[in-house]
Structure formats: structure tokens, C-alpha cells
file data-v8.cif (mmCIF, C-alpha atoms, pLDDT in the B column; chains and numbers go by the auth columns)
data_coords
#
loop_
_atom_site.group_PDB
_atom_site.id
_atom_site.type_symbol
_atom_site.label_atom_id
_atom_site.label_comp_id
_atom_site.label_asym_id
_atom_site.label_seq_id
_atom_site.Cartn_x
_atom_site.Cartn_y
_atom_site.Cartn_z
_atom_site.B_iso_or_equiv
_atom_site.auth_seq_id
_atom_site.auth_asym_id
ATOM 1 C CA ALA A 1 -3.680 -12.988 -16.204 67.00 257 A
ATOM 2 C CA GLN A 2 -3.731 -9.882 -14.121 74.00 258 A
ATOM 3 C CA SER A 3 -6.919 -8.326 -12.821 84.00 259 A
ATOM 4 C CA VAL A 4 -7.967 -5.448 -10.627 91.00 260 A
ATOM 5 C CA SER A 5 -10.871 -5.481 -8.228 93.00 261 A
ATOM 6 C CA GLN A 6 -12.449 -2.428 -6.661 93.00 262 A
ATOM 7 C CA HIS A 7 -14.758 -3.410 -3.872 86.00 263 A
ATOM 8 C CA ASN A 8 -17.004 -0.404 -3.635 84.00 264 A
ATOM 9 C CA HIS A 9 -18.918 0.628 -6.706 87.00 265 A
ATOM 10 C CA HIS A 10 -20.794 3.502 -5.099 92.00 266 A
ATOM 11 C CA VAL A 11 -19.816 5.429 -2.005 95.00 267 A
ATOM 12 C CA ILE A 12 -21.712 8.305 -0.441 96.00 268 A
ATOM 13 C CA LEU A 13 -20.045 10.359 2.269 97.00 269 A
ATOM 14 C CA SER A 14 -20.684 13.588 4.062 97.00 270 A
ATOM 15 C CA GLU A 15 -18.123 16.343 3.882 97.00 271 A
ATOM 16 C CA ALA A 16 -15.280 15.921 6.368 97.00 272 A
ATOM 17 C CA ALA A 17 -15.785 12.165 6.564 97.00 273 A
ATOM 18 C CA SER A 18 -12.813 9.921 6.004 97.00 274 A
ATOM 19 C CA LEU A 19 -12.498 7.932 2.812 97.00 275 A
ATOM 20 C CA GLU A 20 -11.011 4.577 2.017 97.00 276 A
ATOM 21 C CA LEU A 21 -11.509 2.912 -1.333 97.00 277 A
ATOM 22 C CA GLY A 22 -10.386 -0.649 -1.707 96.00 278 A
ATOM 23 C CA CYS A 23 -8.313 -2.004 -4.554 96.00 279 A
ATOM 24 C CA ASN A 24 -6.950 -5.503 -4.891 96.00 280 A
ATOM 25 C CA TYR A 25 -5.074 -7.000 -7.767 92.00 281 A
ATOM 26 C CA SER A 26 -4.120 -10.436 -8.842 89.00 282 A
ATOM 27 C CA TYR A 27 -0.651 -10.789 -10.286 80.00 283 A
ATOM 28 C CA GLY A 28 2.316 -12.507 -8.809 73.00 284 A
ATOM 29 C CA GLY A 29 5.032 -10.400 -10.307 78.00 285 A
ATOM 30 C CA THR A 30 6.170 -6.826 -10.044 81.00 286 A
ATOM 31 C CA VAL A 31 3.477 -4.276 -10.717 84.00 287 A
ATOM 32 C CA ASN A 32 3.133 -0.550 -10.966 89.00 288 A
ATOM 33 C CA LEU A 33 0.000 0.732 -9.252 93.00 289 A
ATOM 34 C CA PHE A 34 -2.073 3.798 -9.997 93.00 290 A
ATOM 35 C CA TRP A 35 -5.152 5.626 -8.917 95.00 291 A
ATOM 36 C CA TYR A 36 -6.876 7.813 -11.470 93.00 292 A
ATOM 37 C CA VAL A 37 -9.750 10.195 -10.882 93.00 293 A
ATOM 38 C CA GLN A 38 -12.370 11.387 -13.312 89.00 294 A
ATOM 39 C CA TYR A 39 -14.305 14.452 -12.264 89.00 295 A
ATOM 40 C CA PRO A 40 -17.702 14.993 -13.881 84.00 296 A
ATOM 41 C CA GLY A 41 -17.253 16.052 -17.473 77.00 297 A
ATOM 42 C CA GLN A 42 -13.499 15.818 -17.367 80.00 298 A
ATOM 43 C CA HIS A 43 -10.830 13.384 -18.464 78.00 299 A
ATOM 44 C CA LEU A 44 -8.995 10.865 -16.358 85.00 300 A
ATOM 45 C CA GLN A 45 -6.275 12.383 -14.232 88.00 301 A
ATOM 46 C CA LEU A 46 -3.513 10.698 -12.317 89.00 302 A
ATOM 47 C CA LEU A 47 -4.049 10.917 -8.581 94.00 303 A
ATOM 48 C CA LEU A 48 -1.002 9.004 -7.437 94.00 304 A
ATOM 49 C CA LYS A 49 1.244 6.125 -8.380 92.00 305 A
ATOM 50 C CA TYR A 50 3.484 3.522 -6.822 93.00 306 A
ATOM 51 C CA PHE A 51 6.488 1.981 -8.500 89.00 307 A
ATOM 52 C CA SER A 52 8.827 1.078 -5.657 89.00 308 A
ATOM 53 C CA GLY A 53 10.162 2.332 -2.351 92.00 309 A
ATOM 54 C CA ASP A 54 7.979 3.683 0.414 94.00 310 A
ATOM 55 C CA PRO A 55 4.685 1.792 0.199 95.00 311 A
ATOM 56 C CA LEU A 56 2.780 4.802 1.486 97.00 312 A
ATOM 57 C CA VAL A 57 2.311 7.088 -1.461 96.00 313 A
ATOM 58 C CA LYS A 58 1.029 10.628 -1.268 96.00 314 A
ATOM 59 C CA GLY A 59 -0.793 12.114 -4.200 94.00 315 A
ATOM 60 C CA ILE A 60 -2.535 15.298 -5.127 92.00 316 A
ATOM 61 C CA LYS A 61 -5.380 16.926 -3.215 94.00 317 A
ATOM 62 C CA GLY A 62 -4.582 15.199 0.057 96.00 318 A
ATOM 63 C CA PHE A 63 -5.015 11.651 -1.205 97.00 319 A
ATOM 64 C CA GLU A 64 -2.711 8.829 -0.246 97.00 320 A
ATOM 65 C CA ALA A 65 -2.529 5.119 -0.891 98.00 321 A
ATOM 66 C CA GLU A 66 -0.746 2.259 0.769 97.00 322 A
ATOM 67 C CA PHE A 67 0.708 -0.671 -1.089 95.00 323 A
ATOM 68 C CA ILE A 68 0.491 -3.845 0.957 95.00 324 A
ATOM 69 C CA LYS A 69 2.241 -6.507 -1.035 91.00 325 A
ATOM 70 C CA SER A 70 1.148 -9.394 1.175 92.00 326 A
ATOM 71 C CA LYS A 71 -2.472 -8.454 0.636 94.00 327 A
ATOM 72 C CA PHE A 72 -2.120 -7.494 -3.017 93.00 328 A
ATOM 73 C CA SER A 73 -3.837 -4.271 -2.100 95.00 329 A
ATOM 74 C CA PHE A 74 -3.472 -0.598 -2.916 97.00 330 A
ATOM 75 C CA ASN A 75 -6.229 1.204 -1.032 97.00 331 A
ATOM 76 C CA LEU A 76 -6.869 4.889 -1.522 97.00 332 A
ATOM 77 C CA ARG A 77 -7.444 7.109 1.497 98.00 333 A
ATOM 78 C CA LYS A 78 -8.249 10.669 2.372 98.00 334 A
ATOM 79 C CA PRO A 79 -8.754 11.819 5.971 97.00 335 A
ATOM 80 C CA SER A 80 -11.416 14.410 5.226 97.00 336 A
ATOM 81 C CA VAL A 81 -13.308 14.565 1.947 97.00 337 A
ATOM 82 C CA GLN A 82 -14.723 17.662 0.332 97.00 338 A
ATOM 83 C CA TRP A 83 -17.669 18.153 -1.945 96.00 339 A
ATOM 84 C CA SER A 84 -15.209 18.734 -4.781 96.00 340 A
ATOM 85 C CA ASP A 85 -13.953 15.164 -4.382 97.00 341 A
ATOM 86 C CA THR A 86 -17.149 13.903 -5.973 96.00 342 A
ATOM 87 C CA ALA A 87 -15.844 11.891 -8.897 95.00 343 A
ATOM 88 C CA GLU A 88 -15.176 8.434 -10.200 92.00 344 A
ATOM 89 C CA TYR A 89 -12.012 6.758 -8.997 95.00 345 A
ATOM 90 C CA PHE A 90 -10.168 4.050 -10.872 94.00 346 A
ATOM 91 C CA CYS A 91 -7.452 1.778 -9.607 95.00 347 A
ATOM 92 C CA ALA A 92 -5.094 0.442 -12.250 93.00 348 A
ATOM 93 C CA ILE A 93 -2.088 -1.797 -12.507 90.00 349 A
ATOM 94 C CA ARG A 94 0.639 -2.238 -15.049 85.00 350 A
ATOM 95 C CA SER A 95 2.685 -5.394 -14.959 73.00 351 A
ATOM 96 C CA SER A 96 4.658 -5.136 -18.150 64.00 352 A
ATOM 97 C CA GLY A 97 4.654 -3.180 -21.319 61.00 353 A
ATOM 98 C CA TYR A 98 2.846 0.093 -21.358 61.00 354 A
ATOM 99 C CA ALA A 99 -0.884 -0.468 -21.018 75.00 355 A
ATOM 100 C CA LEU A 100 -2.921 -0.286 -17.860 83.00 356 A
ATOM 101 C CA ASN A 101 -5.538 -2.647 -16.551 85.00 357 A
ATOM 102 C CA PHE A 102 -8.293 -0.824 -14.757 90.00 358 A
ATOM 103 C CA GLY A 103 -10.707 -1.725 -12.036 90.00 359 A
ATOM 104 C CA LYS A 104 -14.392 -1.069 -12.607 88.00 360 A
ATOM 105 C CA GLY A 105 -14.248 2.216 -10.806 91.00 361 A
ATOM 106 C CA THR A 106 -15.846 3.615 -7.683 93.00 362 A
ATOM 107 C CA SER A 107 -18.299 6.446 -7.886 93.00 363 A
ATOM 108 C CA LEU A 108 -17.905 8.787 -4.917 96.00 364 A
ATOM 109 C CA LEU A 109 -20.576 11.289 -3.991 96.00 365 A
ATOM 110 C CA VAL A 110 -19.768 13.747 -1.243 97.00 366 A
ATOM 111 C CA THR A 111 -22.761 15.525 0.207 95.00 367 A
ATOM 112 C CA PRO A 112 -22.601 18.918 1.884 90.00 368 A
ATOM 113 C CA GLY B 1 1.406 19.676 -18.572 61.00 204 B
ATOM 114 C CA ALA B 2 0.957 17.080 -21.240 66.00 205 B
ATOM 115 C CA VAL B 3 -2.329 17.305 -23.076 85.00 206 B
ATOM 116 C CA VAL B 4 -4.090 14.643 -25.048 90.00 207 B
ATOM 117 C CA SER B 5 -6.876 15.970 -27.211 91.00 208 B
ATOM 118 C CA GLN B 6 -9.637 13.715 -28.436 94.00 209 B
ATOM 119 C CA HIS B 7 -12.169 14.638 -31.067 95.00 210 B
ATOM 120 C CA PRO B 8 -15.099 14.521 -31.337 95.00 211 B
ATOM 121 C CA SER B 9 -16.388 14.542 -27.774 92.00 212 B
ATOM 122 C CA TRP B 10 -19.579 12.906 -28.824 93.00 213 B
ATOM 123 C CA VAL B 11 -21.006 11.582 -32.042 96.00 214 B
ATOM 124 C CA ILE B 12 -24.273 10.038 -33.133 96.00 215 B
ATOM 125 C CA CYS B 13 -24.286 7.973 -36.272 96.00 216 B
ATOM 126 C CA LYS B 14 -26.601 5.641 -38.103 96.00 217 B
ATOM 127 C CA SER B 15 -26.113 1.926 -38.113 97.00 218 B
ATOM 128 C CA GLY B 16 -23.876 0.826 -40.966 97.00 219 B
ATOM 129 C CA THR B 17 -21.870 4.015 -41.203 97.00 220 B
ATOM 130 C CA SER B 18 -18.273 4.544 -40.123 97.00 221 B
ATOM 131 C CA VAL B 19 -16.991 6.941 -37.517 97.00 222 B
ATOM 132 C CA LYS B 20 -13.480 8.245 -37.055 97.00 223 B
ATOM 133 C CA ILE B 21 -12.156 9.373 -33.690 97.00 224 B
ATOM 134 C CA GLU B 22 -8.950 11.366 -33.455 96.00 225 B
ATOM 135 C CA CYS B 23 -6.456 11.387 -30.630 95.00 226 B
ATOM 136 C CA ARG B 24 -3.729 13.997 -30.614 94.00 227 B
ATOM 137 C CA SER B 25 -0.845 14.667 -28.300 91.00 228 B
ATOM 138 C CA LEU B 26 -0.699 18.449 -28.273 90.00 229 B
ATOM 139 C CA ASP B 27 2.620 19.265 -26.702 85.00 230 B
ATOM 140 C CA PHE B 28 4.589 16.077 -26.870 85.00 231 B
ATOM 141 C CA GLN B 29 5.338 13.230 -29.209 86.00 232 B
ATOM 142 C CA ALA B 30 3.786 9.883 -28.525 84.00 233 B
ATOM 143 C CA THR B 31 5.219 6.824 -30.204 81.00 234 B
ATOM 144 C CA THR B 32 2.606 4.735 -28.452 86.00 235 B
ATOM 145 C CA MET B 33 -1.031 5.495 -27.795 91.00 236 B
ATOM 146 C CA PHE B 34 -3.672 3.318 -26.261 92.00 237 B
ATOM 147 C CA TRP B 35 -7.344 3.003 -27.045 95.00 238 B
ATOM 148 C CA TYR B 36 -9.780 2.058 -24.309 94.00 239 B
ATOM 149 C CA ARG B 37 -13.473 1.394 -24.332 93.00 240 B
ATOM 150 C CA GLN B 38 -15.778 1.875 -21.400 86.00 241 B
ATOM 151 C CA PHE B 39 -19.257 0.461 -21.152 79.00 242 B
ATOM 152 C CA PRO B 40 -21.689 1.975 -18.655 74.00 243 B
ATOM 153 C CA LYS B 41 -20.949 0.947 -15.094 68.00 244 B
ATOM 154 C CA GLN B 42 -17.934 -1.026 -16.253 72.00 245 B
ATOM 155 C CA SER B 43 -14.211 -0.663 -16.336 77.00 246 B
ATOM 156 C CA LEU B 44 -12.037 0.740 -19.045 85.00 247 B
ATOM 157 C CA MET B 45 -11.016 -2.085 -21.290 89.00 248 B
ATOM 158 C CA LEU B 46 -7.922 -1.860 -23.400 89.00 249 B
ATOM 159 C CA MET B 47 -8.792 -2.333 -27.049 93.00 250 B
ATOM 160 C CA ALA B 48 -5.483 -1.871 -28.749 93.00 251 B
ATOM 161 C CA THR B 49 -2.053 -0.373 -28.600 90.00 252 B
ATOM 162 C CA SER B 50 -1.303 2.032 -31.395 88.00 253 B
ATOM 163 C CA ASN B 51 2.296 2.261 -32.534 84.00 254 B
ATOM 164 C CA GLU B 52 3.549 5.047 -34.742 85.00 255 B
ATOM 165 C CA GLY B 53 4.547 3.777 -38.130 84.00 256 B
ATOM 166 C CA SER B 54 3.465 0.200 -37.571 85.00 257 B
ATOM 167 C CA LYS B 55 0.377 -1.898 -37.142 89.00 258 B
ATOM 168 C CA ALA B 56 -1.638 -1.670 -33.993 92.00 259 B
ATOM 169 C CA THR B 57 -1.646 -4.489 -31.492 91.00 260 B
ATOM 170 C CA TYR B 58 -5.172 -5.569 -30.658 94.00 261 B
ATOM 171 C CA GLU B 59 -6.344 -7.192 -27.487 90.00 262 B
ATOM 172 C CA GLN B 60 -8.022 -10.540 -27.602 89.00 263 B
ATOM 173 C CA GLY B 61 -11.609 -10.294 -28.697 91.00 264 B
ATOM 174 C CA VAL B 62 -11.258 -6.936 -30.429 94.00 265 B
ATOM 175 C CA GLU B 63 -11.976 -7.098 -34.153 94.00 266 B
ATOM 176 C CA LYS B 64 -9.176 -5.324 -35.956 93.00 267 B
ATOM 177 C CA ASP B 65 -11.188 -5.053 -39.162 94.00 268 B
ATOM 178 C CA LYS B 66 -13.963 -3.327 -37.316 96.00 269 B
ATOM 179 C CA PHE B 67 -11.846 -1.003 -35.211 97.00 270 B
ATOM 180 C CA LEU B 68 -9.243 0.376 -37.572 96.00 271 B
ATOM 181 C CA ILE B 69 -6.366 2.151 -35.933 94.00 272 B
ATOM 182 C CA ASN B 70 -3.911 4.359 -37.735 92.00 273 B
ATOM 183 C CA HIS B 71 -0.965 6.052 -36.072 90.00 274 B
ATOM 184 C CA ALA B 72 0.493 7.974 -38.954 83.00 275 B
ATOM 185 C CA SER B 73 2.480 10.516 -36.984 89.00 276 B
ATOM 186 C CA LEU B 74 3.982 11.003 -33.562 89.00 277 B
ATOM 187 C CA THR B 75 1.103 13.224 -32.528 92.00 278 B
ATOM 188 C CA LEU B 76 -1.950 11.601 -34.060 93.00 279 B
ATOM 189 C CA SER B 77 -3.703 8.274 -33.754 94.00 280 B
ATOM 190 C CA THR B 78 -7.129 7.597 -35.188 95.00 281 B
ATOM 191 C CA LEU B 79 -9.708 4.957 -34.397 97.00 282 B
ATOM 192 C CA THR B 80 -12.306 4.242 -37.054 97.00 283 B
ATOM 193 C CA VAL B 81 -15.343 2.243 -36.097 97.00 284 B
ATOM 194 C CA THR B 82 -16.431 0.686 -39.377 97.00 285 B
ATOM 195 C CA SER B 83 -19.976 -0.366 -40.165 96.00 286 B
ATOM 196 C CA ALA B 84 -21.079 0.699 -36.737 96.00 287 B
ATOM 197 C CA HIS B 85 -23.874 -1.137 -34.945 96.00 288 B
ATOM 198 C CA PRO B 86 -25.847 -0.141 -31.859 95.00 289 B
ATOM 199 C CA GLU B 87 -23.754 -2.488 -29.735 94.00 290 B
ATOM 200 C CA ASP B 88 -20.723 -0.380 -30.612 95.00 291 B
ATOM 201 C CA SER B 89 -22.252 2.479 -28.688 94.00 292 B
ATOM 202 C CA SER B 90 -19.798 3.192 -25.924 93.00 293 B
ATOM 203 C CA PHE B 91 -17.304 5.614 -24.497 92.00 294 B
ATOM 204 C CA TYR B 92 -13.935 5.487 -26.238 95.00 295 B
ATOM 205 C CA ILE B 93 -10.868 6.953 -24.574 94.00 296 B
ATOM 206 C CA CYS B 94 -7.361 7.332 -25.876 94.00 297 B
ATOM 207 C CA SER B 95 -4.228 7.799 -23.861 91.00 298 B
ATOM 208 C CA ALA B 96 -0.566 8.405 -24.403 89.00 299 B
ATOM 209 C CA ARG B 97 2.576 8.274 -22.385 79.00 300 B
ATOM 210 C CA VAL B 98 4.922 11.195 -21.966 70.00 301 B
ATOM 211 C CA GLY B 99 8.403 9.889 -21.506 69.00 302 B
ATOM 212 C CA GLY B 100 9.689 6.429 -20.740 68.00 303 B
ATOM 213 C CA GLU B 101 8.133 3.241 -19.561 65.00 304 B
ATOM 214 C CA ASN B 102 7.660 4.388 -15.978 67.00 305 B
ATOM 215 C CA SER B 103 5.856 7.571 -16.825 72.00 306 B
ATOM 216 C CA PRO B 104 2.093 7.668 -16.318 72.00 307 B
ATOM 217 C CA LEU B 105 -0.496 7.860 -19.011 80.00 308 B
ATOM 218 C CA HIS B 106 -2.358 10.985 -19.964 85.00 309 B
ATOM 219 C CA PHE B 107 -5.893 10.566 -21.167 88.00 310 B
ATOM 220 C CA GLY B 108 -8.061 12.311 -23.663 90.00 311 B
ATOM 221 C CA ASN B 109 -11.534 13.487 -22.708 86.00 312 B
ATOM 222 C CA GLY B 110 -13.126 10.543 -24.395 91.00 313 B
ATOM 223 C CA THR B 111 -15.669 10.193 -27.170 94.00 314 B
ATOM 224 C CA ARG B 112 -19.234 9.173 -26.544 93.00 315 B
ATOM 225 C CA LEU B 113 -20.429 7.183 -29.541 95.00 316 B
ATOM 226 C CA THR B 114 -24.107 6.475 -30.016 95.00 317 B
ATOM 227 C CA VAL B 115 -25.161 4.323 -32.934 96.00 318 B
ATOM 228 C CA THR B 116 -28.831 4.492 -33.802 96.00 319 B
#

call {"tool": "encode", "arguments": {"input": "data-v8.cif", "output": "C-alpha cells"}}
result
Amino acid sequence: AQSVSQHNHHVILSEAASLELGCNYSYGGTVNLFWYVQYPGQHLQLLLKYFSGDPLVKGIKGFEAEFIKSKFSFNLRKPSVQWSDTAEYFCAIRSSGYALNFGKGTSLLVTP
Amino acid sequence: GAVVSQHPSWVICKSGTSVKIECRSLDFQATTMFWYRQFPKQSLMLMATSNEGSKATYEQGVEKDKFLINHASLTLSTLTVTSAHPEDSSFYICSARVGGENSPLHFGNGTRLTVT
């Protein structure tokens, strides 16, 4: 069975600090990988996705993620966070069919 | 962009009553919708896949008689929590796909259910 593991449950950063959120998955086959973000009081929004091709994926709002197949990882990065990046971030995979399997989420708090 | 509307946003009900949650795709047709449940500090767990015009497919461990799903049209899926108990209190989120298999999901705002 496939699973998704997010290493950091709570992250606190100062503005302008760099961000990296870890995501590992367990599944031996082909997967589609996603990062979703949920801002306070809002619905889940797609941040970026990887299906194939260039393993370095750029998403919205300056976020990027790198798919490293050998490590079964899809870490999310941003060089310089802003206060408005305070949100909950979910890594998700889809191996077949249509549904997603989510990680437990990482709560990011960016302080001024 | 694609919008998935979920209603109500929050609901409080008494133990033993039933609650219906609606999920609508506002500007697209969704043959498939997904219902997730999120407990505090935990991940979103897929409950079931709702298919228009056919029975829903439930994940292992989800009671289909307790969580009734109806997908009567291409723009509406409903989840009814029957005979709700306090342990059913949770955050329920629906999602739908716009386009083919490789298109991402769009999520509703979620419904916070509290059973007293």
C-alpha cells in the first residue's frame, strides 16, 4: 500500500528565511506527486504537481519541489518565505485511479 | 477557475440525528467526486469515491450505511452522516477533478461537523 510521510508537523520561521518541507512516499510504481496548501479559513489549493519530465517543478508563489526518485522524496522549497505563507501544507501522491493519498500536513508559521 | 462549493461550512447536530453535506461543482461537470475526512492534527483520509449515476466506492473501514453518498447529477454529490455520534465529529472535505485523469483535484471549503 502506498503512504506519504511528512517529517515536520510544525515549522516556525522568520520572514525571509528559507523553507524546506520534507515529503517521502512509499510506493514502487509510477506516482503523481502534489503539494497542496491550505491558508487559514480557506480551501485546499494546488501549489504544484509532478507527473513526469523535469524533476524540479516550479509552482505558484515562488514555491518549487524536487522529485528524487531514488529517495522517494518530493520536498517543497522556497528561498525566502513571507508572512503570507503561513498555512498548512500537504504532500499527496496518486498512484492509480483518481484519488489522492495525503500526508499528515505541516503547519507553517512565518513570523514578522 | 474551477470552483467546488461545499455546504454547509459548519454544522452542529445532536447525537442520533442525520446531517447532509452538499458538494457542488459550480462551473464544470464532475463525473467523479471524492469525500475526505480530516481529524484534528491528522491527514486527510479518503472516505469514498462518488460516481455520478452509480454507487459510491467506499474505502476500507468506512461504513457505507452510515455515510450515505449520492451523486445524482454531474454537479452535485451529497454525503449524509446518518445517526451521527460524537465520534463522527470531524472536518469533511469534498473534491472533484476538472478534466482527465492527470488533472489535479479542486477542493471544497470543507464542513466542520460537531455532534453533541

call {"tool": "closest_atom_pairs", "arguments": {"input": "data-v8.cif", "of": "stretch 292-367 of chain A", "to": "stretch 266-285 of chain A", "cutoff": "8 Å", "atoms": "all atoms listed in the file", "output": "tab-separated table"}}
result
residue	atom	partner	partner_atom	distance
A:Lys327	CA	A:Asn280	CA	7.7
A:Phe328	CA	A:Asn280	CA	5.6
A:Ser329	CA	A:Asn280	CA	4.4
A:Phe330	CA	A:Cys279	CA	5.3
A:Asn331	CA	A:Gly278	CA	4.6
A:Leu332	CA	A:Leu277	CA	5.0
A:Arg333	CA	A:Glu276	CA	4.4
A:Lys334	CA	A:Leu275	CA	5.1
A:Pro335	CA	A:Ser274	CA	4.5
A:Ser336	CA	A:Ala272	CA	4.3
A:Val337	CA	A:Ala272	CA	5.0
A:Gln338	CA	A:Glu271	CA	5.1
A:Trp339	CA	A:Glu271	CA	6.1
A:Cys347	CA	A:Cys279	CA	6.4
A:Ile349	CA	A:Tyr281	CA	7.6
A:Ser351	CA	A:Gly285	CA	7.2
A:Gly359	CA	A:Cys279	CA	7.9
A:Thr362	CA	A:His266	CA	5.6
A:Ser363	CA	A:His266	CA	4.8
A:Leu364	CA	A:Val267	CA	4.8
A:Leu365	CA	A:Ile268	CA	4.8
A:Val366	CA	A:Leu269	CA	4.9
A:Thr367	CA	A:Ser270	CA	4.8

call {"tool": "atom_distance", "arguments": {"input": "data-v8.cif", "atom1": "atom CA of A:Ala343", "atom2": "atom CA of A:Ser308"}}
result
27.1 Å

call {"tool": "closest_atom_pairs", "arguments": {"input": "data-v8.cif", "of": "chain A", "to": "chain B", "cutoff": "12 Å", "atoms": "all atoms listed in the file", "output": "CSV"}}
result
residue,atom,partner,partner_atom,distance
A:Ser259,CA,B:Ser246,CA,11.1
A:Val260,CA,B:Ser246,CA,9.7
A:Ser261,CA,B:Ser246,CA,10.0
A:Gln262,CA,B:Ser246,CA,10.0
A:His265,CA,B:Lys244,CA,8.6
A:His266,CA,B:Lys244,CA,10.3
A:Val287,CA,B:Asn305,CA,11.0
A:Asn288,CA,B:Asn305,CA,8.4
A:Leu289,CA,B:Pro307,CA,10.1
A:Phe290,CA,B:Pro307,CA,8.5
A:Trp291,CA,B:Pro307,CA,10.6
A:Tyr292,CA,B:Leu308,CA,9.9
A:Val293,CA,B:Phe310,CA,11.0
A:Gln294,CA,B:Asn312,CA,9.7
A:Tyr295,CA,B:Asn312,CA,10.8
A:Pro296,CA,B:Asn312,CA,10.9
A:Gly297,CA,B:Asn312,CA,8.2
A:Gln298,CA,B:Asn312,CA,6.1
A:His299,CA,B:Asn312,CA,4.3
A:Leu300,CA,B:Phe310,CA,5.7
A:Gln301,CA,B:His309,CA,7.1
A:Leu302,CA,B:Pro307,CA,7.5
A:Leu303,CA,B:Pro307,CA,10.4
A:Leu304,CA,B:Pro307,CA,9.5
A:Lys305,CA,B:Pro307,CA,8.1
A:Tyr306,CA,B:Asn305,CA,10.1
A:Phe307,CA,B:Asn305,CA,7.9
A:Ser308,CA,B:Asn305,CA,10.9
A:Glu344,CA,B:Lys244,CA,10.6
A:Tyr345,CA,B:Ser246,CA,10.7
A:Phe346,CA,B:Ser246,CA,8.3
A:Cys347,CA,B:Ser246,CA,9.8
A:Ala348,CA,B:Leu247,CA,9.7
A:Ile349,CA,B:Pro307,CA,11.0
A:Arg350,CA,B:Asn305,CA,9.7
A:Ser351,CA,B:Asn305,CA,11.0
A:Ser352,CA,B:Glu304,CA,9.2
A:Gly353,CA,B:Glu304,CA,7.5
A:Tyr354,CA,B:Glu304,CA,6.4
A:Ala355,CA,B:Phe237,CA,7.0
A:Leu356,CA,B:Leu249,CA,7.6
A:Asn357,CA,B:Met248,CA,7.3
A:Phe358,CA,B:Leu247,CA,5.9
A:Gly359,CA,B:Ser246,CA,5.6
A:Lys360,CA,B:Ser246,CA,3.8
A:Gly361,CA,B:Ser246,CA,6.2
A:Thr362,CA,B:Lys244,CA,9.4
A:Ser363,CA,B:Lys244,CA,9.4

call {"tool": "write_last_selection", "arguments": {"input": "data-v8.cif", "atoms": "C-alpha atoms", "output": "tab-separated table (two decimals), in the frame of the given file"}}
result
chain	number	residue	atom	x	y	z
A	259	SER	CA	-6.92	-8.33	-12.82
A	260	VAL	CA	-7.97	-5.45	-10.63
A	261	SER	CA	-10.87	-5.48	-8.23
A	262	GLN	CA	-12.45	-2.43	-6.66
A	265	HIS	CA	-18.92	0.63	-6.71
A	266	HIS	CA	-20.79	3.50	-5.10
A	287	VAL	CA	3.48	-4.28	-10.72
A	288	ASN	CA	3.13	-0.55	-10.97
A	289	LEU	CA	0.00	0.73	-9.25
A	290	PHE	CA	-2.07	3.80	-10.00
A	291	TRP	CA	-5.15	5.63	-8.92
A	292	TYR	CA	-6.88	7.81	-11.47
A	293	VAL	CA	-9.75	10.20	-10.88
A	294	GLN	CA	-12.37	11.39	-13.31
A	295	TYR	CA	-14.30	14.45	-12.26
A	296	PRO	CA	-17.70	14.99	-13.88
A	297	GLY	CA	-17.25	16.05	-17.47
A	298	GLN	CA	-13.50	15.82	-17.37
A	299	HIS	CA	-10.83	13.38	-18.46
A	300	LEU	CA	-8.99	10.86	-16.36
A	301	GLN	CA	-6.28	12.38	-14.23
A	302	LEU	CA	-3.51	10.70	-12.32
A	303	LEU	CA	-4.05	10.92	-8.58
A	304	LEU	CA	-1.00	9.00	-7.44
A	305	LYS	CA	1.24	6.12	-8.38
A	306	TYR	CA	3.48	3.52	-6.82
A	307	PHE	CA	6.49	1.98	-8.50
A	308	SER	CA	8.83	1.08	-5.66
A	344	GLU	CA	-15.18	8.43	-10.20
A	345	TYR	CA	-12.01	6.76	-9.00
A	346	PHE	CA	-10.17	4.05	-10.87
A	347	CYS	CA	-7.45	1.78	-9.61
A	348	ALA	CA	-5.09	0.44	-12.25
A	349	ILE	CA	-2.09	-1.80	-12.51
A	350	ARG	CA	0.64	-2.24	-15.05
A	351	SER	CA	2.68	-5.39	-14.96
A	352	SER	CA	4.66	-5.14	-18.15
A	353	GLY	CA	4.65	-3.18	-21.32
A	354	TYR	CA	2.85	0.09	-21.36
A	355	ALA	CA	-0.88	-0.47	-21.02
A	356	LEU	CA	-2.92	-0.29	-17.86
A	357	ASN	CA	-5.54	-2.65	-16.55
A	358	PHE	CA	-8.29	-0.82	-14.76
A	359	GLY	CA	-10.71	-1.72	-12.04
A	360	LYS	CA	-14.39	-1.07	-12.61
A	361	GLY	CA	-14.25	2.22	-10.81
A	362	THR	CA	-15.85	3.62	-7.68
A	363	SER	CA	-18.30	6.45	-7.89

call {"tool": "closest_residue", "arguments": {"input": "data-v8.cif", "among": "B:Val301, B:Asp268, B:Glu225, B:Gln232", "to": "B:Thr285", "atoms": "all atoms listed in the file"}}
result
B:Asp268

call {"tool": "atom_distance", "arguments": {"input": "data-v8.cif", "atom1": "atom CA of B:Val265", "atom2": "atom CA of B:Phe231"}}
result
28.2 Å

call {"tool": "atom_distance", "arguments": {"input": "data-v8.cif", "atom1": "atom CA of B:Thr283", "atom2": "atom CA of B:Cys216"}}
result
12.6 Å
